[in-house]
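**Q** First the structure, which I've put down as structure tokens, then a few questions once you've had a look.
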Amino acid sequence: GAWNLSSDQGNLGTLYVTNVRVVWFASLAENFNVSIPYLQIVALKIRDSKFGPAFVVETSMHAGSYVLGFRIDPDVFKEVSALWKVYSNAPIIGVDFEIEAVPKSLDQNTLKRIQDGQDVVQNVASDAFAAYYADEGQKNADRKPVFEPSIGLAVEKLRDGVTLEALW
């Protein structure tokens, strides 16, 4: 285990070392933990403490300027120092990728607009039924009924220019 020396008695926990960060968490308190990316470390040292030699991690101003101490095996300090130096020389900031081909410009990807044949209808069949109901100014008024002998029924008086045959 690794002791965190932030309090007077120290807290026993587990220290994980990866290629991008150092993580420590307490064995008895799950809310007492720290995860320090190498990107935020400014110094790694060994200092004397009342618990003996301590592995000290100093974080950058952007990470809160913390000074964290751990009581660990000296070989772990060497390993973390080596990983931090390698990371500092070539940081891993995200996913590595290679651009295979340069994408085409917008002008190269834009297609010219082609207008197909002009389908203009010359003779439009009149919709007498719609025209009959679109009678301007007469929409709310009923016409007086008149007898239509061709069908033998009384119908509303037709508008001028409209025939019964055109409506059917």
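We label chains A, B, ... in the order they appear in the structure tokens, count residues from 1 in each chain, and number ligands from 1 in the order shown.
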Enumerate, as a PDB file with N, CA and C atoms, in the first residue's frame, the complete set of residues in chain A that a backbone-based DSSP assignment places in strand (DSSP E).

**A**
```
ATOM      1  N   ALA A   2       0.184   2.352  -0.217  1.00  0.00           N
ATOM      2  CA  ALA A   2       0.831   3.658  -0.238  1.00  0.00           C
ATOM      3  C   ALA A   2       0.131   4.557   0.766  1.00  0.00           C
ATOM      4  N   TRP A   3       0.925   5.225   1.601  1.00  0.00           N
ATOM      5  CA  TRP A   3       0.372   6.130   2.599  1.00  0.00           C
ATOM      6  C   TRP A   3       0.309   7.539   2.041  1.00  0.00           C
ATOM      7  N   ASN A   4      -0.863   8.186   2.145  1.00  0.00           N
ATOM      8  CA  ASN A   4      -0.994   9.593   1.819  1.00  0.00           C
ATOM      9  C   ASN A   4      -0.668  10.349   3.094  1.00  0.00           C
ATOM     10  N   ASN A  11      -2.898   8.209   5.706  1.00  0.00           N
ATOM     11  CA  ASN A  11      -4.010   7.347   5.304  1.00  0.00           C
ATOM     12  C   ASN A  11      -3.481   6.269   4.366  1.00  0.00           C
ATOM     13  N   LEU A  12      -3.765   5.036   4.708  1.00  0.00           N
ATOM     14  CA  LEU A  12      -3.335   3.928   3.870  1.00  0.00           C
ATOM     15  C   LEU A  12      -4.252   3.839   2.658  1.00  0.00           C
ATOM     16  N   GLY A  13      -3.646   3.609   1.500  1.00  0.00           N
ATOM     17  CA  GLY A  13      -4.421   3.505   0.271  1.00  0.00           C
ATOM     18  C   GLY A  13      -3.660   2.764  -0.803  1.00  0.00           C
ATOM     19  N   THR A  14      -4.146   2.876  -2.003  1.00  0.00           N
ATOM     20  CA  THR A  14      -3.550   2.210  -3.159  1.00  0.00           C
ATOM     21  C   THR A  14      -3.119   3.270  -4.164  1.00  0.00           C
ATOM     22  N   LEU A  15      -1.936   3.115  -4.702  1.00  0.00           N
ATOM     23  CA  LEU A  15      -1.400   4.040  -5.696  1.00  0.00           C
ATOM     24  C   LEU A  15      -1.306   3.309  -7.026  1.00  0.00           C
ATOM     25  N   TYR A  16      -1.962   3.869  -8.044  1.00  0.00           N
ATOM     26  CA  TYR A  16      -1.874   3.331  -9.396  1.00  0.00           C
ATOM     27  C   TYR A  16      -1.035   4.280 -10.229  1.00  0.00           C
ATOM     28  N   VAL A  17      -0.156   3.725 -11.032  1.00  0.00           N
ATOM     29  CA  VAL A  17       0.705   4.512 -11.915  1.00  0.00           C
ATOM     30  C   VAL A  17       0.430   4.055 -13.342  1.00  0.00           C
ATOM     31  N   ARG A  21      -1.062   9.244 -15.891  1.00  0.00           N
ATOM     32  CA  ARG A  21      -1.435   9.836 -14.606  1.00  0.00           C
ATOM     33  C   ARG A  21      -1.045   8.954 -13.443  1.00  0.00           C
ATOM     34  N   VAL A  22      -1.111   9.564 -12.244  1.00  0.00           N
ATOM     35  CA  VAL A  22      -0.929   8.867 -10.978  1.00  0.00           C
ATOM     36  C   VAL A  22      -2.256   8.982 -10.234  1.00  0.00           C
ATOM     37  N   VAL A  23      -2.758   7.847  -9.733  1.00  0.00           N
ATOM     38  CA  VAL A  23      -4.038   7.829  -9.027  1.00  0.00           C
ATOM     39  C   VAL A  23      -3.822   7.194  -7.660  1.00  0.00           C
ATOM     40  N   TRP A  24      -4.339   7.838  -6.604  1.00  0.00           N
ATOM     41  CA  TRP A  24      -4.298   7.266  -5.256  1.00  0.00           C
ATOM     42  C   TRP A  24      -5.684   7.344  -4.662  1.00  0.00           C
ATOM     43  N   PHE A  25      -6.104   6.274  -3.978  1.00  0.00           N
ATOM     44  CA  PHE A  25      -7.363   6.331  -3.238  1.00  0.00           C
ATOM     45  C   PHE A  25      -7.208   5.606  -1.917  1.00  0.00           C
ATOM     46  N   ALA A  26      -7.902   6.124  -0.906  1.00  0.00           N
ATOM     47  CA  ALA A  26      -7.826   5.576   0.447  1.00  0.00           C
ATOM     48  C   ALA A  26      -8.529   4.222   0.512  1.00  0.00           C
ATOM     49  N   ASN A  33      -9.543  10.608  -2.386  1.00  0.00           N
ATOM     50  CA  ASN A  33      -8.758  10.118  -3.520  1.00  0.00           C
ATOM     51  C   ASN A  33      -8.176  11.289  -4.292  1.00  0.00           C
ATOM     52  N   VAL A  34      -7.244  10.966  -5.179  1.00  0.00           N
ATOM     53  CA  VAL A  34      -6.641  11.990  -6.029  1.00  0.00           C
ATOM     54  C   VAL A  34      -6.201  11.331  -7.342  1.00  0.00           C
ATOM     55  N   SER A  35      -6.408  12.058  -8.423  1.00  0.00           N
ATOM     56  CA  SER A  35      -5.984  11.613  -9.746  1.00  0.00           C
ATOM     57  C   SER A  35      -5.214  12.770 -10.367  1.00  0.00           C
ATOM     58  N   ILE A  36      -3.933  12.547 -10.634  1.00  0.00           N
ATOM     59  CA  ILE A  36      -3.070  13.639 -11.097  1.00  0.00           C
ATOM     60  C   ILE A  36      -2.509  13.295 -12.474  1.00  0.00           C
ATOM     61  N   PRO A  37      -2.974  13.972 -13.522  1.00  0.00           N
ATOM     62  CA  PRO A  37      -2.388  13.753 -14.845  1.00  0.00           C
ATOM     63  C   PRO A  37      -0.950  14.285 -14.876  1.00  0.00           C
ATOM     64  N   ILE A  41       1.614  17.979 -13.476  1.00  0.00           N
ATOM     65  CA  ILE A  41       2.705  17.852 -12.501  1.00  0.00           C
ATOM     66  C   ILE A  41       3.852  18.768 -12.907  1.00  0.00           C
ATOM     67  N   VAL A  42       4.355  19.532 -11.924  1.00  0.00           N
ATOM     68  CA  VAL A  42       5.505  20.403 -12.200  1.00  0.00           C
ATOM     69  C   VAL A  42       6.778  19.871 -11.567  1.00  0.00           C
ATOM     70  N   ALA A  43       6.661  19.028 -10.536  1.00  0.00           N
ATOM     71  CA  ALA A  43       7.871  18.491  -9.904  1.00  0.00           C
ATOM     72  C   ALA A  43       7.547  17.201  -9.152  1.00  0.00           C
ATOM     73  N   LEU A  44       8.512  16.274  -9.170  1.00  0.00           N
ATOM     74  CA  LEU A  44       8.470  15.043  -8.377  1.00  0.00           C
ATOM     75  C   LEU A  44       9.749  15.015  -7.550  1.00  0.00           C
ATOM     76  N   LYS A  45       9.625  14.793  -6.226  1.00  0.00           N
ATOM     77  CA  LYS A  45      10.795  14.854  -5.344  1.00  0.00           C
ATOM     78  C   LYS A  45      10.680  13.800  -4.246  1.00  0.00           C
ATOM     79  N   ILE A  46      11.790  13.571  -3.571  1.00  0.00           N
ATOM     80  CA  ILE A  46      11.805  12.798  -2.326  1.00  0.00           C
ATOM     81  C   ILE A  46      12.204  13.788  -1.236  1.00  0.00           C
ATOM     82  N   ARG A  47      11.370  13.911  -0.187  1.00  0.00           N
ATOM     83  CA  ARG A  47      11.651  14.817   0.933  1.00  0.00           C
ATOM     84  C   ARG A  47      11.534  14.031   2.232  1.00  0.00           C
ATOM     85  N   ASP A  48      12.166  14.577   3.254  1.00  0.00           N
ATOM     86  CA  ASP A  48      12.031  13.972   4.579  1.00  0.00           C
ATOM     87  C   ASP A  48      10.725  14.440   5.205  1.00  0.00           C
ATOM     88  N   SER A  49      10.070  13.541   5.918  1.00  0.00           N
ATOM     89  CA  SER A  49       8.854  13.864   6.657  1.00  0.00           C
ATOM     90  C   SER A  49       8.932  13.170   8.012  1.00  0.00           C
ATOM     91  N   GLY A  52       9.297   9.562   7.612  1.00  0.00           N
ATOM     92  CA  GLY A  52      10.452   9.078   6.858  1.00  0.00           C
ATOM     93  C   GLY A  52      10.442   9.715   5.474  1.00  0.00           C
ATOM     94  N   PRO A  53      11.220   9.164   4.542  1.00  0.00           N
ATOM     95  CA  PRO A  53      11.268   9.740   3.190  1.00  0.00           C
ATOM     96  C   PRO A  53       9.873   9.693   2.541  1.00  0.00           C
ATOM     97  N   ALA A  54       9.506  10.794   1.892  1.00  0.00           N
ATOM     98  CA  ALA A  54       8.185  10.892   1.263  1.00  0.00           C
ATOM     99  C   ALA A  54       8.335  11.244  -0.208  1.00  0.00           C
ATOM    100  N   PHE A  55       7.518  10.614  -1.019  1.00  0.00           N
ATOM    101  CA  PHE A  55       7.418  10.912  -2.445  1.00  0.00           C
ATOM    102  C   PHE A  55       6.489  12.120  -2.564  1.00  0.00           C
ATOM    103  N   VAL A  56       6.997  13.226  -3.099  1.00  0.00           N
ATOM    104  CA  VAL A  56       6.248  14.484  -3.162  1.00  0.00           C
ATOM    105  C   VAL A  56       5.904  14.809  -4.612  1.00  0.00           C
ATOM    106  N   VAL A  57       4.637  15.128  -4.843  1.00  0.00           N
ATOM    107  CA  VAL A  57       4.137  15.533  -6.165  1.00  0.00           C
ATOM    108  C   VAL A  57       3.655  16.960  -6.043  1.00  0.00           C
ATOM    109  N   GLU A  58       4.211  17.851  -6.872  1.00  0.00           N
ATOM    110  CA  GLU A  58       3.774  19.245  -6.909  1.00  0.00           C
ATOM    111  C   GLU A  58       3.005  19.459  -8.200  1.00  0.00           C
ATOM    112  N   THR A  59       1.785  20.034  -8.078  1.00  0.00           N
ATOM    113  CA  THR A  59       0.957  20.264  -9.271  1.00  0.00           C
ATOM    114  C   THR A  59       1.074  21.713  -9.728  1.00  0.00           C
ATOM    115  N   VAL A  67       0.708  20.333  -3.102  1.00  0.00           N
ATOM    116  CA  VAL A  67       1.910  19.573  -2.770  1.00  0.00           C
ATOM    117  C   VAL A  67       1.404  18.329  -2.034  1.00  0.00           C
ATOM    118  N   LEU A  68       1.522  17.185  -2.686  1.00  0.00           N
ATOM    119  CA  LEU A  68       0.998  15.933  -2.140  1.00  0.00           C
ATOM    120  C   LEU A  68       2.157  15.007  -1.767  1.00  0.00           C
ATOM    121  N   GLY A  69       2.059  14.416  -0.614  1.00  0.00           N
ATOM    122  CA  GLY A  69       3.121  13.520  -0.161  1.00  0.00           C
ATOM    123  C   GLY A  69       2.609  12.098   0.026  1.00  0.00           C
ATOM    124  N   PHE A  70       3.451  11.121  -0.347  1.00  0.00           N
ATOM    125  CA  PHE A  70       3.101   9.700  -0.224  1.00  0.00           C
ATOM    126  C   PHE A  70       4.302   8.944   0.334  1.00  0.00           C
ATOM    127  N   ARG A  71       4.029   7.992   1.166  1.00  0.00           N
ATOM    128  CA  ARG A  71       5.074   7.103   1.689  1.00  0.00           C
ATOM    129  C   ARG A  71       4.974   5.825   0.868  1.00  0.00           C
ATOM    130  N   PRO A 145     -82.873  29.393 -54.272  1.00  0.00           N
ATOM    131  CA  PRO A 145     -83.016  28.175 -55.076  1.00  0.00           C
ATOM    132  C   PRO A 145     -83.884  28.421 -56.311  1.00  0.00           C
ATOM    133  N   VAL A 146     -83.496  27.731 -57.393  1.00  0.00           N
ATOM    134  CA  VAL A 146     -84.257  27.790 -58.657  1.00  0.00           C
ATOM    135  C   VAL A 146     -84.405  26.362 -59.167  1.00  0.00           C
ATOM    136  N   PHE A 147     -85.451  26.117 -59.928  1.00  0.00           N
ATOM    137  CA  PHE A 147     -85.685  24.787 -60.468  1.00  0.00           C
ATOM    138  C   PHE A 147     -84.796  24.566 -61.676  1.00  0.00           C
ATOM    139  N   GLU A 148     -84.111  23.410 -61.698  1.00  0.00           N
ATOM    140  CA  GLU A 148     -83.264  23.065 -62.845  1.00  0.00           C
ATOM    141  C   GLU A 148     -83.930  21.887 -63.548  1.00  0.00           C
ATOM    142  N   LEU A 153     -84.564  19.030 -60.198  1.00  0.00           N
ATOM    143  CA  LEU A 153     -84.402  19.412 -58.804  1.00  0.00           C
ATOM    144  C   LEU A 153     -84.253  20.914 -58.676  1.00  0.00           C
ATOM    145  N   ALA A 154     -84.466  21.410 -57.465  1.00  0.00           N
ATOM    146  CA  ALA A 154     -84.198  22.813 -57.166  1.00  0.00           C
ATOM    147  C   ALA A 154     -82.735  22.915 -56.745  1.00  0.00           C
ATOM    148  N   VAL A 155     -82.034  23.875 -57.304  1.00  0.00           N
ATOM    149  CA  VAL A 155     -80.615  24.099 -56.979  1.00  0.00           C
ATOM    150  C   VAL A 155     -80.414  25.568 -56.684  1.00  0.00           C
ATOM    151  N   GLU A 156     -79.266  25.859 -56.059  1.00  0.00           N
ATOM    152  CA  GLU A 156     -78.911  27.238 -55.808  1.00  0.00           C
ATOM    153  C   GLU A 156     -78.659  27.911 -57.145  1.00  0.00           C
TER     154      GLU A 156
END
```

**Q** From the options A:Asn31, A:Gln40, A:Gly10, A:Ser81, which residue's atoms come nearest to Ala63 in chain A, counting only C-alpha atoms?

**A**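 Among the listed residues, A:Gln40 lies closest to Ala63 in chain A.
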
**Q** Would you please give, as a ChimeraX atom specification, all residues of range 32-130 of chain A that DSSP assigns to alpha helix (DSSP H) based on the backbone?

**A** /A:74-89,106-109,128-130

**Q** Now that the selection is made, can you save its residues with N, CA, C and O atoms as a PDB file, in the first residue's frame?

**A**
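In the end it all went to again.pdb:
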```
ATOM      1  N   PRO A  74      10.820   3.198  -2.670  1.00  0.00           N
ATOM      2  CA  PRO A  74      11.661   4.078  -3.505  1.00  0.00           C
ATOM      3  C   PRO A  74      11.664   3.680  -4.982  1.00  0.00           C
ATOM      4  O   PRO A  74      11.831   4.531  -5.853  1.00  0.00           O
ATOM      5  N   ASP A  75      11.453   2.395  -5.280  1.00  0.00           N
ATOM      6  CA  ASP A  75      11.412   1.977  -6.684  1.00  0.00           C
ATOM      7  C   ASP A  75      10.212   2.572  -7.421  1.00  0.00           C
ATOM      8  O   ASP A  75      10.286   2.853  -8.619  1.00  0.00           O
ATOM      9  N   VAL A  76       9.100   2.785  -6.705  1.00  0.00           N
ATOM     10  CA  VAL A  76       7.921   3.398  -7.323  1.00  0.00           C
ATOM     11  C   VAL A  76       8.233   4.842  -7.700  1.00  0.00           C
ATOM     12  O   VAL A  76       7.827   5.323  -8.762  1.00  0.00           O
ATOM     13  N   PHE A  77       8.974   5.555  -6.858  1.00  0.00           N
ATOM     14  CA  PHE A  77       9.369   6.926  -7.179  1.00  0.00           C
ATOM     15  C   PHE A  77      10.173   6.942  -8.477  1.00  0.00           C
ATOM     16  O   PHE A  77       9.935   7.782  -9.347  1.00  0.00           O
ATOM     17  N   LYS A  78      11.107   6.016  -8.632  1.00  0.00           N
ATOM     18  CA  LYS A  78      11.929   5.953  -9.854  1.00  0.00           C
ATOM     19  C   LYS A  78      11.052   5.680 -11.076  1.00  0.00           C
ATOM     20  O   LYS A  78      11.236   6.281 -12.133  1.00  0.00           O
ATOM     21  N   GLU A  79      10.085   4.784 -10.911  1.00  0.00           N
ATOM     22  CA  GLU A  79       9.195   4.449 -12.028  1.00  0.00           C
ATOM     23  C   GLU A  79       8.331   5.642 -12.431  1.00  0.00           C
ATOM     24  O   GLU A  79       8.223   5.977 -13.612  1.00  0.00           O
ATOM     25  N   VAL A  80       7.727   6.307 -11.442  1.00  0.00           N
ATOM     26  CA  VAL A  80       6.883   7.474 -11.734  1.00  0.00           C
ATOM     27  C   VAL A  80       7.720   8.592 -12.354  1.00  0.00           C
ATOM     28  O   VAL A  80       7.291   9.237 -13.316  1.00  0.00           O
ATOM     29  N   SER A  81       8.926   8.807 -11.842  1.00  0.00           N
ATOM     30  CA  SER A  81       9.804   9.850 -12.393  1.00  0.00           C
ATOM     31  C   SER A  81      10.144   9.564 -13.841  1.00  0.00           C
ATOM     32  O   SER A  81      10.119  10.468 -14.687  1.00  0.00           O
ATOM     33  N   ALA A  82      10.448   8.305 -14.147  1.00  0.00           N
ATOM     34  CA  ALA A  82      10.786   7.939 -15.524  1.00  0.00           C
ATOM     35  C   ALA A  82       9.583   8.133 -16.451  1.00  0.00           C
ATOM     36  O   ALA A  82       9.716   8.693 -17.550  1.00  0.00           O
ATOM     37  N   LEU A  83       8.407   7.691 -16.008  1.00  0.00           N
ATOM     38  CA  LEU A  83       7.197   7.860 -16.827  1.00  0.00           C
ATOM     39  C   LEU A  83       6.858   9.335 -17.035  1.00  0.00           C
ATOM     40  O   LEU A  83       6.465   9.757 -18.126  1.00  0.00           O
ATOM     41  N   TRP A  84       7.036  10.145 -15.992  1.00  0.00           N
ATOM     42  CA  TRP A  84       6.747  11.574 -16.107  1.00  0.00           C
ATOM     43  C   TRP A  84       7.710  12.244 -17.093  1.00  0.00           C
ATOM     44  O   TRP A  84       7.302  13.078 -17.899  1.00  0.00           O
ATOM     45  N   LYS A  85       8.987  11.874 -17.037  1.00  0.00           N
ATOM     46  CA  LYS A  85       9.967  12.455 -17.976  1.00  0.00           C
ATOM     47  C   LYS A  85       9.649  12.066 -19.412  1.00  0.00           C
ATOM     48  O   LYS A  85       9.701  12.900 -20.314  1.00  0.00           O
ATOM     49  N   VAL A  86       9.289  10.804 -19.638  1.00  0.00           N
ATOM     50  CA  VAL A  86       8.928  10.366 -20.988  1.00  0.00           C
ATOM     51  C   VAL A  86       7.685  11.113 -21.461  1.00  0.00           C
ATOM     52  O   VAL A  86       7.621  11.598 -22.593  1.00  0.00           O
ATOM     53  N   TYR A  87       6.686  11.212 -20.590  1.00  0.00           N
ATOM     54  CA  TYR A  87       5.453  11.913 -20.934  1.00  0.00           C
ATOM     55  C   TYR A  87       5.734  13.387 -21.228  1.00  0.00           C
ATOM     56  O   TYR A  87       5.181  13.955 -22.169  1.00  0.00           O
ATOM     57  N   SER A  88       6.586  14.023 -20.432  1.00  0.00           N
ATOM     58  CA  SER A  88       6.887  15.447 -20.620  1.00  0.00           C
ATOM     59  C   SER A  88       7.555  15.705 -21.962  1.00  0.00           C
ATOM     60  O   SER A  88       7.350  16.763 -22.562  1.00  0.00           O
ATOM     61  N   ASN A  89       8.352  14.759 -22.443  1.00  0.00           N
ATOM     62  CA  ASN A  89       9.028  14.926 -23.735  1.00  0.00           C
ATOM     63  C   ASN A  89       8.058  14.778 -24.908  1.00  0.00           C
ATOM     64  O   ASN A  89       8.226  15.434 -25.930  1.00  0.00           O
ATOM     65  N   LEU A 106     -14.458  23.242 -50.878  1.00  0.00           N
ATOM     66  CA  LEU A 106     -15.896  23.404 -51.075  1.00  0.00           C
ATOM     67  C   LEU A 106     -16.227  23.587 -52.552  1.00  0.00           C
ATOM     68  O   LEU A 106     -17.202  23.036 -53.051  1.00  0.00           O
ATOM     69  N   ASP A 107     -15.385  24.332 -53.276  1.00  0.00           N
ATOM     70  CA  ASP A 107     -15.626  24.539 -54.701  1.00  0.00           C
ATOM     71  C   ASP A 107     -15.544  23.230 -55.478  1.00  0.00           C
ATOM     72  O   ASP A 107     -16.288  23.013 -56.426  1.00  0.00           O
ATOM     73  N   GLN A 108     -14.632  22.347 -55.067  1.00  0.00           N
ATOM     74  CA  GLN A 108     -14.492  21.060 -55.748  1.00  0.00           C
ATOM     75  C   GLN A 108     -15.649  20.117 -55.413  1.00  0.00           C
ATOM     76  O   GLN A 108     -15.990  19.252 -56.206  1.00  0.00           O
ATOM     77  N   ASN A 109     -16.239  20.260 -54.244  1.00  0.00           N
ATOM     78  CA  ASN A 109     -17.342  19.395 -53.836  1.00  0.00           C
ATOM     79  C   ASN A 109     -18.707  19.924 -54.249  1.00  0.00           C
ATOM     80  O   ASN A 109     -19.692  19.211 -54.167  1.00  0.00           O
ATOM     81  N   ALA A 128     -64.242  24.193 -62.038  1.00  0.00           N
ATOM     82  CA  ALA A 128     -65.421  25.029 -61.865  1.00  0.00           C
ATOM     83  C   ALA A 128     -66.004  24.887 -60.470  1.00  0.00           C
ATOM     84  O   ALA A 128     -66.546  25.839 -59.915  1.00  0.00           O
ATOM     85  N   PHE A 129     -65.886  23.697 -59.900  1.00  0.00           N
ATOM     86  CA  PHE A 129     -66.419  23.461 -58.561  1.00  0.00           C
ATOM     87  C   PHE A 129     -65.699  24.351 -57.545  1.00  0.00           C
ATOM     88  O   PHE A 129     -66.318  25.006 -56.724  1.00  0.00           O
ATOM     89  N   ALA A 130     -64.354  24.402 -57.636  1.00  0.00           N
ATOM     90  CA  ALA A 130     -63.584  25.258 -56.735  1.00  0.00           C
ATOM     91  C   ALA A 130     -63.873  26.719 -57.010  1.00  0.00           C
ATOM     92  O   ALA A 130     -64.008  27.531 -56.085  1.00  0.00           O
TER      93      ALA A 130
END
```

**Q** How far is it from CA of Asn19 in chain A to CA of Pro91 in chain A, in Å with one decimal?

**A**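 If I compute the distance from CA of Asn19 in chain A to CA of Pro91 in chain A, I get 9.8 Å.
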